[in-house]
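Asker: Handing over final25.txt, compact mmCIF, C-alpha atoms and all ligand atoms.
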# COMPACT_ATOMS: atom_id res chain seq x y z
CA MET A 212 -59.80 1.05 -10.81
CA SER A 213 -58.91 3.75 -13.25
CA ASN A 214 -55.47 4.99 -12.24
CA LEU A 215 -52.77 2.62 -11.10
CA ARG A 216 -49.11 3.03 -10.35
CA ILE A 217 -47.14 -0.18 -10.73
CA LEU A 218 -43.57 -0.70 -9.60
CA VAL A 219 -41.73 -3.54 -11.34
CA ALA A 220 -38.48 -4.90 -9.89
CA CYS A 221 -35.98 -5.84 -12.60
CA LYS A 222 -32.76 -7.59 -11.64
CA ARG A 223 -29.74 -7.82 -13.92
CA VAL A 224 -28.53 -11.43 -13.85
CA VAL A 225 -26.23 -13.71 -15.83
CA ASP A 226 -28.13 -14.59 -19.01
CA TYR A 227 -30.13 -17.81 -18.70
CA ALA A 228 -28.35 -19.33 -21.72
CA VAL A 229 -24.82 -18.86 -20.31
CA LYS A 230 -23.09 -21.95 -18.95
CA ILE A 231 -22.44 -21.05 -15.32
CA ARG A 232 -18.87 -21.38 -14.02
CA VAL A 233 -17.64 -21.12 -10.46
CA ASN A 234 -14.81 -18.63 -9.90
CA ALA A 235 -11.27 -19.83 -9.18
CA ALA A 236 -11.58 -19.09 -5.46
CA GLY A 237 -14.76 -21.20 -5.20
CA THR A 238 -16.60 -18.32 -3.56
CA ALA A 239 -19.09 -17.25 -6.24
CA VAL A 240 -20.30 -17.71 -9.80
CA GLU A 241 -17.98 -16.06 -12.33
CA THR A 242 -19.68 -12.91 -13.61
CA ALA A 243 -16.78 -11.17 -15.36
CA ASN A 244 -17.06 -11.03 -19.16
CA VAL A 245 -20.33 -12.98 -19.12
CA LYS A 246 -23.51 -11.92 -20.93
CA HIS A 247 -26.11 -10.46 -18.57
CA SER A 248 -29.83 -9.89 -19.15
CA MET A 249 -32.99 -9.08 -17.24
CA ASN A 250 -34.03 -11.88 -14.89
CA PRO A 251 -36.60 -13.89 -16.94
CA PHE A 252 -39.25 -13.69 -14.18
CA ASP A 253 -38.83 -9.90 -14.22
CA GLU A 254 -39.44 -9.81 -17.98
CA ILE A 255 -42.69 -11.60 -17.15
CA GLY A 256 -43.36 -8.99 -14.43
CA THR A 257 -42.73 -6.12 -16.86
CA GLU A 258 -44.99 -7.76 -19.45
CA GLN A 259 -47.74 -8.19 -16.84
CA ALA A 260 -47.57 -4.51 -15.91
CA ILE A 261 -47.88 -3.59 -19.60
CA LEU A 262 -50.83 -5.98 -20.06
CA ILE A 263 -52.55 -4.37 -17.06
CA LYS A 264 -51.89 -0.92 -18.53
CA GLU A 265 -53.25 -1.97 -21.93
CA ALA A 266 -56.37 -3.49 -20.36
CA LEU A 267 -56.99 -0.35 -18.29
CA ALA A 268 -56.61 1.86 -21.37
CA LYS A 269 -59.60 0.07 -22.93
CA SER A 270 -61.79 1.31 -20.07
CA LYS A 271 -60.27 4.80 -20.17
CA GLY A 272 -58.08 4.01 -17.18
CA THR A 273 -54.37 4.70 -16.90
CA ALA A 274 -51.37 3.03 -15.38
CA GLU A 275 -47.89 4.30 -14.80
CA ILE A 276 -45.19 1.64 -14.87
CA ILE A 277 -41.96 2.30 -12.99
CA ALA A 278 -39.10 -0.19 -13.42
CA VAL A 279 -36.62 -0.40 -10.52
CA SER A 280 -33.24 -2.07 -10.42
CA CYS A 281 -30.66 -2.16 -7.63
CA GLY A 282 -27.05 -2.85 -8.46
CA PRO A 283 -24.03 -1.59 -10.38
CA ASN A 284 -24.04 0.97 -13.18
CA LYS A 285 -24.76 -1.74 -15.78
CA SER A 286 -28.20 -2.34 -14.21
CA GLN A 287 -29.23 0.63 -16.33
CA GLU A 288 -29.06 -1.64 -19.40
CA THR A 289 -31.70 -3.83 -17.76
CA LEU A 290 -33.83 -0.77 -17.04
CA ARG A 291 -33.52 0.38 -20.66
CA THR A 292 -34.86 -3.03 -21.70
CA ALA A 293 -37.85 -2.56 -19.39
CA LEU A 294 -38.39 0.93 -20.84
CA ALA A 295 -38.15 -0.45 -24.39
CA MET A 296 -40.75 -3.11 -23.54
CA GLY A 297 -43.14 -0.40 -22.30
CA ALA A 298 -42.29 0.87 -18.80
CA ASP A 299 -42.82 4.64 -18.48
CA ARG A 300 -39.84 5.53 -16.34
CA ALA A 301 -37.09 3.87 -14.37
CA ILE A 302 -35.28 4.16 -11.06
CA HIS A 303 -31.76 2.88 -10.60
CA VAL A 304 -30.54 2.38 -7.05
CA GLU A 305 -26.83 2.33 -7.70
CA THR A 306 -24.39 0.30 -5.62
CA ASP A 307 -21.38 -1.90 -6.29
CA GLU A 308 -21.87 -3.69 -2.96
CA GLU A 309 -23.20 -7.23 -2.78
CA LEU A 310 -26.99 -7.14 -2.35
CA GLN A 311 -28.76 -9.92 -0.50
CA PRO A 312 -32.57 -10.27 -0.73
CA LEU A 313 -33.19 -8.50 2.60
CA ALA A 314 -31.12 -5.52 1.44
CA VAL A 315 -33.03 -5.38 -1.87
CA ALA A 316 -36.36 -5.65 -0.03
CA LYS A 317 -35.36 -2.73 2.22
CA LEU A 318 -34.27 -0.64 -0.78
CA LEU A 319 -37.53 -1.42 -2.58
CA ARG A 320 -39.49 -0.48 0.55
CA ALA A 321 -37.74 2.91 0.53
CA VAL A 322 -38.67 3.35 -3.16
CA VAL A 323 -42.27 2.35 -2.37
CA ASP A 324 -42.37 4.97 0.39
CA LYS A 325 -41.35 7.61 -2.18
CA GLU A 326 -43.48 6.47 -5.12
CA LYS A 327 -46.58 5.13 -3.33
CA PRO A 328 -47.47 2.47 -5.94
CA ASP A 329 -50.68 0.42 -5.85
CA MET A 330 -48.81 -2.75 -6.70
CA VAL A 331 -45.24 -4.03 -6.75
CA ILE A 332 -44.46 -6.84 -9.18
CA LEU A 333 -41.36 -8.97 -8.63
CA GLY A 334 -40.15 -12.24 -10.08
CA LYS A 335 -40.74 -15.32 -7.96
CA GLN A 336 -36.99 -15.79 -7.94
CA ALA A 337 -33.79 -14.44 -9.41
CA ILE A 338 -32.13 -17.13 -11.52
CA ASP A 339 -28.68 -16.27 -10.16
CA ASP A 340 -29.21 -16.63 -6.41
CA ASP A 341 -32.45 -18.69 -6.55
CA SER A 342 -33.43 -17.09 -3.27
CA ASN A 343 -37.20 -16.69 -3.75
CA GLN A 344 -37.23 -14.25 -0.82
CA THR A 345 -37.34 -10.63 -1.95
CA GLY A 346 -41.07 -10.31 -2.70
CA GLN A 347 -42.06 -12.05 0.50
CA MET A 348 -39.68 -9.91 2.59
CA LEU A 349 -40.93 -6.74 0.92
CA ALA A 350 -44.53 -7.71 1.75
CA GLY A 351 -43.45 -8.28 5.35
CA LEU A 352 -41.59 -4.97 5.59
CA LEU A 353 -44.51 -3.02 4.11
CA ASN A 354 -47.14 -5.07 5.94
CA TRP A 355 -48.89 -5.53 2.59
CA PRO A 356 -50.73 -8.64 1.36
CA GLN A 357 -48.88 -10.78 -1.17
CA ALA A 358 -49.86 -13.16 -3.95
CA THR A 359 -46.83 -15.18 -4.98
CA PHE A 360 -46.14 -17.51 -7.95
CA ALA A 361 -48.91 -15.94 -10.02
CA SER A 362 -49.98 -17.71 -13.20
CA LYS A 363 -53.01 -15.45 -13.83
CA VAL A 364 -53.96 -12.00 -12.57
CA GLU A 365 -57.31 -10.21 -12.78
CA LEU A 366 -57.78 -6.69 -11.48
CA ALA A 367 -60.96 -5.27 -10.05
CA GLU A 368 -61.67 -2.06 -8.16
CA LYS A 369 -58.82 -1.78 -5.60
CA ALA A 370 -58.34 -5.57 -5.56
CA MET A 371 -56.73 -8.35 -7.55
CA THR A 372 -57.59 -12.00 -8.03
CA VAL A 373 -54.56 -14.19 -8.56
CA THR A 374 -54.27 -17.79 -9.66
CA ARG A 375 -51.26 -19.57 -8.18
CA GLU A 376 -49.76 -22.86 -9.24
CA VAL A 377 -49.27 -24.98 -6.14
CA ASP A 378 -48.19 -28.61 -5.78
CA GLY A 379 -51.71 -30.01 -5.66
CA GLY A 380 -53.19 -27.92 -8.50
CA VAL A 381 -54.17 -24.27 -8.80
CA GLU A 382 -55.21 -21.97 -5.99
CA THR A 383 -57.14 -18.71 -6.53
CA VAL A 384 -56.71 -15.92 -4.01
CA LYS A 385 -58.10 -12.40 -3.79
CA THR A 386 -56.38 -9.49 -2.11
CA ALA A 387 -56.93 -5.77 -1.69
CA LEU A 388 -54.44 -3.30 -3.17
CA PRO A 389 -51.80 -2.15 -2.48
CA ALA A 390 -50.21 -5.57 -2.69
CA ILE A 391 -47.15 -7.53 -3.77
CA LEU A 392 -47.33 -9.84 -6.76
CA THR A 393 -44.62 -12.32 -7.73
CA THR A 394 -44.60 -13.90 -11.18
CA ASP A 395 -44.43 -17.55 -12.19
CA LEU A 396 -43.35 -18.84 -15.58
CA ARG A 397 -46.78 -19.37 -17.12
CA LEU A 398 -48.20 -15.91 -16.32
CA ASN A 399 -47.50 -14.59 -19.82
CA VAL A 400 -45.01 -14.59 -22.69
CA PRO A 401 -42.96 -11.37 -22.55
CA ARG A 402 -42.82 -9.29 -25.72
CA TYR A 403 -39.61 -8.44 -27.51
CA ALA A 404 -38.72 -4.78 -27.60
CA SER A 405 -38.95 -3.49 -31.18
CA LEU A 406 -36.12 -1.41 -32.62
CA PRO A 407 -38.17 1.84 -32.64
CA ASN A 408 -39.10 1.22 -29.00
CA ILE A 409 -35.46 0.58 -28.09
CA MET A 410 -34.63 3.98 -29.63
CA LYS A 411 -37.55 5.67 -27.83
CA ALA A 412 -36.51 4.09 -24.51
CA LYS A 413 -33.24 6.04 -24.61
CA LYS A 414 -35.26 9.23 -24.05
CA LYS A 415 -37.47 7.92 -21.24
CA PRO A 416 -36.63 9.21 -17.74
CA LEU A 417 -34.20 7.15 -15.67
CA ALA A 418 -33.58 8.51 -12.17
CA LYS A 419 -30.62 7.49 -10.07
CA LEU A 420 -30.74 7.06 -6.30
CA THR A 421 -28.00 6.08 -3.89
CA VAL A 422 -28.27 3.70 -0.97
CA ALA A 423 -27.29 6.58 1.33
CA GLU A 424 -30.13 8.74 -0.02
CA LEU A 425 -32.56 5.97 0.80
CA GLY A 426 -30.99 5.52 4.24
CA VAL A 427 -30.89 1.73 4.05
CA ASP A 428 -28.45 -0.64 5.79
CA ILE A 429 -27.49 -3.12 3.06
CA LYS A 430 -24.82 -5.00 5.03
CA PRO A 431 -24.92 -8.71 4.10
CA ARG A 432 -26.43 -10.90 6.82
CA ILE A 433 -25.45 -14.21 5.24
CA GLU A 434 -21.90 -15.39 4.54
CA THR A 435 -21.29 -17.67 1.55
CA LEU A 436 -18.86 -20.36 2.68
CA LYS A 437 -18.36 -22.20 -0.58
CA VAL A 438 -19.72 -22.47 -4.11
CA ALA A 439 -19.08 -25.73 -5.98
CA GLU A 440 -20.05 -27.09 -9.38
CA PRO A 441 -22.32 -30.15 -9.46
CA PRO A 442 -20.48 -33.50 -9.81
CA LYS A 443 -19.53 -34.29 -13.42
CA ARG A 444 -21.98 -36.66 -15.09
CA GLN A 445 -20.67 -40.10 -16.02
CA GLY A 446 -20.83 -40.99 -19.71
CA GLY A 447 -23.85 -42.99 -20.90
CA LYS A 448 -23.82 -46.59 -22.21
CA ILE A 449 -25.48 -47.82 -25.39
CA VAL A 450 -27.30 -51.12 -24.91
CA GLU A 451 -27.90 -53.73 -27.63
CA SER A 452 -31.48 -54.67 -26.77
CA VAL A 453 -34.31 -54.25 -24.29
CA ASP A 454 -33.20 -57.49 -22.56
CA ASP A 455 -29.71 -56.07 -22.24
CA LEU A 456 -31.17 -52.85 -20.75
CA VAL A 457 -33.30 -54.75 -18.20
CA ASP A 458 -30.31 -56.91 -17.29
CA LYS A 459 -28.10 -53.87 -16.70
CA LEU A 460 -30.79 -52.08 -14.68
CA LYS A 461 -31.22 -55.22 -12.53
CA ASN A 462 -27.67 -56.38 -12.09
CA GLU A 463 -25.44 -53.30 -12.56
CA ALA A 464 -27.52 -50.31 -11.52
CA LYS A 465 -29.62 -52.47 -9.15
CA VAL A 466 -32.64 -50.20 -9.61
CA LEU A 467 -35.16 -52.90 -10.60
P1 LIG B 1 -34.72 -13.39 -5.17
O1 LIG B 1 -35.50 -13.25 -3.89
O2 LIG B 1 -33.29 -12.96 -5.07
O3 LIG B 1 -34.85 -14.80 -5.75
O4 LIG B 1 -35.38 -12.38 -6.23
C1 LIG B 1 -36.78 -12.33 -6.47
C2 LIG B 1 -37.14 -11.09 -7.23
O5 LIG B 1 -36.77 -9.93 -6.48
C3 LIG B 1 -36.46 -10.88 -8.59
O6 LIG B 1 -37.11 -11.61 -9.61
C4 LIG B 1 -36.61 -9.38 -8.76
O7 LIG B 1 -37.94 -9.07 -9.18
C5 LIG B 1 -36.42 -8.86 -7.34
N1 LIG B 1 -35.00 -8.48 -7.14
C6 LIG B 1 -34.04 -9.21 -6.51
N2 LIG B 1 -32.86 -8.56 -6.54
C7 LIG B 1 -33.08 -7.39 -7.21
C8 LIG B 1 -32.27 -6.27 -7.57
N3 LIG B 1 -30.97 -6.22 -7.27
N4 LIG B 1 -32.85 -5.25 -8.26
C9 LIG B 1 -34.16 -5.30 -8.58
N5 LIG B 1 -34.97 -6.31 -8.25
C10 LIG B 1 -34.45 -7.34 -7.59
Give the structure from the file, written as structure tokens.

Answerer:
Amino acid sequence: MSNLRILVACKRVVDYAVKIRVNAAGTAVETANVKHSMNPFDEIGTEQAILIKEALAKSKGTAEIIAVSCGPNKSQETLRTALAMGADRAIHVETDEELQPLAVAKLLRAVVDKEKPDMVILGKQAIDDDSNQTGQMLAGLLNWPQATFASKVELAEKAMTVTREVDGGVETVKTALPAILTTDLRLNVPRYASLPNIMKAKKKPLAKLTVAELGVDIKPRIETLKVAEPPKRQGGKIVESVDDLVDKLKNEAKVL
């Protein structure tokens, strides 16, 4: 396996550290004037592509890493982050329309048809919609094998071996390439982009595509009826002693 082309999906989401608020209409999470960043699982995906490229370089192989993001103009900031981490070029599919996972999967399929990668890496889920659907749908649309929730990846000639964390332990699967890979939290620790690399990333190629150019129907198929905040937590109580705690658990909370 000496030359690989890897597509990495990078979604721009509300930053993981922001306290999420529901909008006044109760129809969505408030995204105006809120810090956004690359979806953390996509940072892991970008890092994995770079690790694969670095490993290949040791055996005189090469890899080209293409970061792809679908969404509004600001998604380009996310792509610049991927480029600063080490992606070679980026593709922005620009739209201000709402994108549901099926729409993103169809857009990514159209990009795959153009770019013919050996592997597409996605996050296991986007932390804003928690859908955990896009990678699986893309695999279905392309009729490619998929290895989801990866916590370890090893590449061999035209194949990859992936360790997955499942409820009962770890499962190891092997699949031929081209294939879809989705990242889990423990796959790697993403690198920070250094200042020189952030500067260099400004000069790396970033191509723009429109939904119309890709000929994809992105109409939402699911209607959100309501978004509500979780119930407010009741204040805690300080107990005087262990006996007091056991008494309260038995007689007030009735959990013992
Ligand atoms: P989801 O199925 O929405 O939980 O998202 C799973 C993964 O699909 C994300 O971690 C991204 O890798 C990819 N993805 C979802 N939406 C987008 C988007 N708008 N642009 C690029 N990648 C996306």

Asker: Enumerate residues in contact with ligand LIG 1 (chain B): an atom-to-atom distance of at most 9 Å, counting only C-alpha atoms and all ligand atoms. Format the result as a short mmCIF file (atom, residue, chain, number, x, y, z; two decimals) with C-alpha atoms, in the coordinates of the input.

Answerer:
data_model
loop_
_atom_site.label_atom_id
_atom_site.label_comp_id
_atom_site.auth_asym_id
_atom_site.auth_seq_id
_atom_site.Cartn_x
_atom_site.Cartn_y
_atom_site.Cartn_z
CA VAL A 219 -41.73 -3.54 -11.34
CA ALA A 220 -38.48 -4.90 -9.89
CA CYS A 221 -35.98 -5.84 -12.60
CA LYS A 222 -32.76 -7.59 -11.64
CA ARG A 223 -29.74 -7.82 -13.92
CA VAL A 224 -28.53 -11.43 -13.85
CA ASN A 250 -34.03 -11.88 -14.89
CA PRO A 251 -36.60 -13.89 -16.94
CA PHE A 252 -39.25 -13.69 -14.18
CA ASP A 253 -38.83 -9.90 -14.22
CA GLU A 254 -39.44 -9.81 -17.98
CA GLY A 256 -43.36 -8.99 -14.43
CA ALA A 278 -39.10 -0.19 -13.42
CA VAL A 279 -36.62 -0.40 -10.52
CA SER A 280 -33.24 -2.07 -10.42
CA CYS A 281 -30.66 -2.16 -7.63
CA GLY A 282 -27.05 -2.85 -8.46
CA PRO A 283 -24.03 -1.59 -10.38
CA SER A 286 -28.20 -2.34 -14.21
CA HIS A 303 -31.76 2.88 -10.60
CA VAL A 304 -30.54 2.38 -7.05
CA LEU A 310 -26.99 -7.14 -2.35
CA GLN A 311 -28.76 -9.92 -0.50
CA PRO A 312 -32.57 -10.27 -0.73
CA LEU A 313 -33.19 -8.50 2.60
CA ALA A 314 -31.12 -5.52 1.44
CA VAL A 315 -33.03 -5.38 -1.87
CA ALA A 316 -36.36 -5.65 -0.03
CA LEU A 318 -34.27 -0.64 -0.78
CA LEU A 319 -37.53 -1.42 -2.58
CA ILE A 332 -44.46 -6.84 -9.18
CA LEU A 333 -41.36 -8.97 -8.63
CA GLY A 334 -40.15 -12.24 -10.08
CA LYS A 335 -40.74 -15.32 -7.96
CA GLN A 336 -36.99 -15.79 -7.94
CA ALA A 337 -33.79 -14.44 -9.41
CA ILE A 338 -32.13 -17.13 -11.52
CA ASP A 339 -28.68 -16.27 -10.16
CA ASP A 340 -29.21 -16.63 -6.41
CA ASP A 341 -32.45 -18.69 -6.55
CA SER A 342 -33.43 -17.09 -3.27
CA ASN A 343 -37.20 -16.69 -3.75
CA GLN A 344 -37.23 -14.25 -0.82
CA THR A 345 -37.34 -10.63 -1.95
CA GLY A 346 -41.07 -10.31 -2.70
CA GLN A 347 -42.06 -12.05 0.50
CA MET A 348 -39.68 -9.91 2.59
CA THR A 393 -44.62 -12.32 -7.73
CA THR A 394 -44.60 -13.90 -11.18
#

Asker: Rounded to one decimal, what separation in Å do you get between CA of Leu425 in chain A and CA of Glu309 in chain A?

Answerer: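 Here the two named atoms are 16.6 Å from each other.
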
Asker: How many Å separate CA of Leu353 in chain A from CA of Glu326 in chain A?

Answerer: 13.3 Å

Asker: Using all atoms listed in the file, which residues sit within 12 Å of Lys230 in chain A once same-chain residues fewer than 4 positions away are excluded, as an mmCIF file with C-alpha atoms, in the frame of the given file?

Answerer:
data_model
loop_
_atom_site.group_PDB
_atom_site.id
_atom_site.type_symbol
_atom_site.label_atom_id
_atom_site.label_comp_id
_atom_site.auth_asym_id
_atom_site.auth_seq_id
_atom_site.Cartn_x
_atom_site.Cartn_y
_atom_site.Cartn_z
ATOM 1 C CA VAL A 225 -26.230 -13.710 -15.830
ATOM 2 C CA ASP A 226 -28.130 -14.590 -19.010
ATOM 3 C CA VAL A 240 -20.300 -17.710 -9.800
ATOM 4 C CA GLU A 241 -17.980 -16.060 -12.330
ATOM 5 C CA THR A 242 -19.680 -12.910 -13.610
ATOM 6 C CA VAL A 245 -20.330 -12.980 -19.120
ATOM 7 C CA LYS A 246 -23.510 -11.920 -20.930
ATOM 8 C CA HIS A 247 -26.110 -10.460 -18.570
ATOM 9 C CA ASP A 339 -28.680 -16.270 -10.160
ATOM 10 C CA GLU A 440 -20.050 -27.090 -9.380
#

Asker: A:Lys363, A:Lys414, A:Arg291, A:Lys465: which is nearest Leu392 in chain A, counting only C-alpha atoms?

Answerer: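 Nearest to Leu392 in chain A: A:Lys363.
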
Asker: What separation in Å, quoted to one decimal, exists between CA of Ser270 in chain A and CA of Asn214 in chain A?

Answerer: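 Between CA of Ser270 in chain A and CA of Asn214 in chain A the gap works out to 10.7 Å.
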
Asker: Point out the residue among A:Ile255, A:Ala423, A:Ile277, A:Ile231 with the least atom-to-atom distance to Phe360 in chain A, counting all atoms listed in the file.

Answerer: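 Using all atoms listed in the file, Phe360 in chain A sits closest to A:Ile255.
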
Asker: Counting all atoms listed in the file, which of A:Leu218, A:Ala412, A:Leu366, A:Val453 gets nearest to Leu294 in chain A?

Answerer: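 Selected residue with least distance to Leu294 in chain A: A:Ala412.
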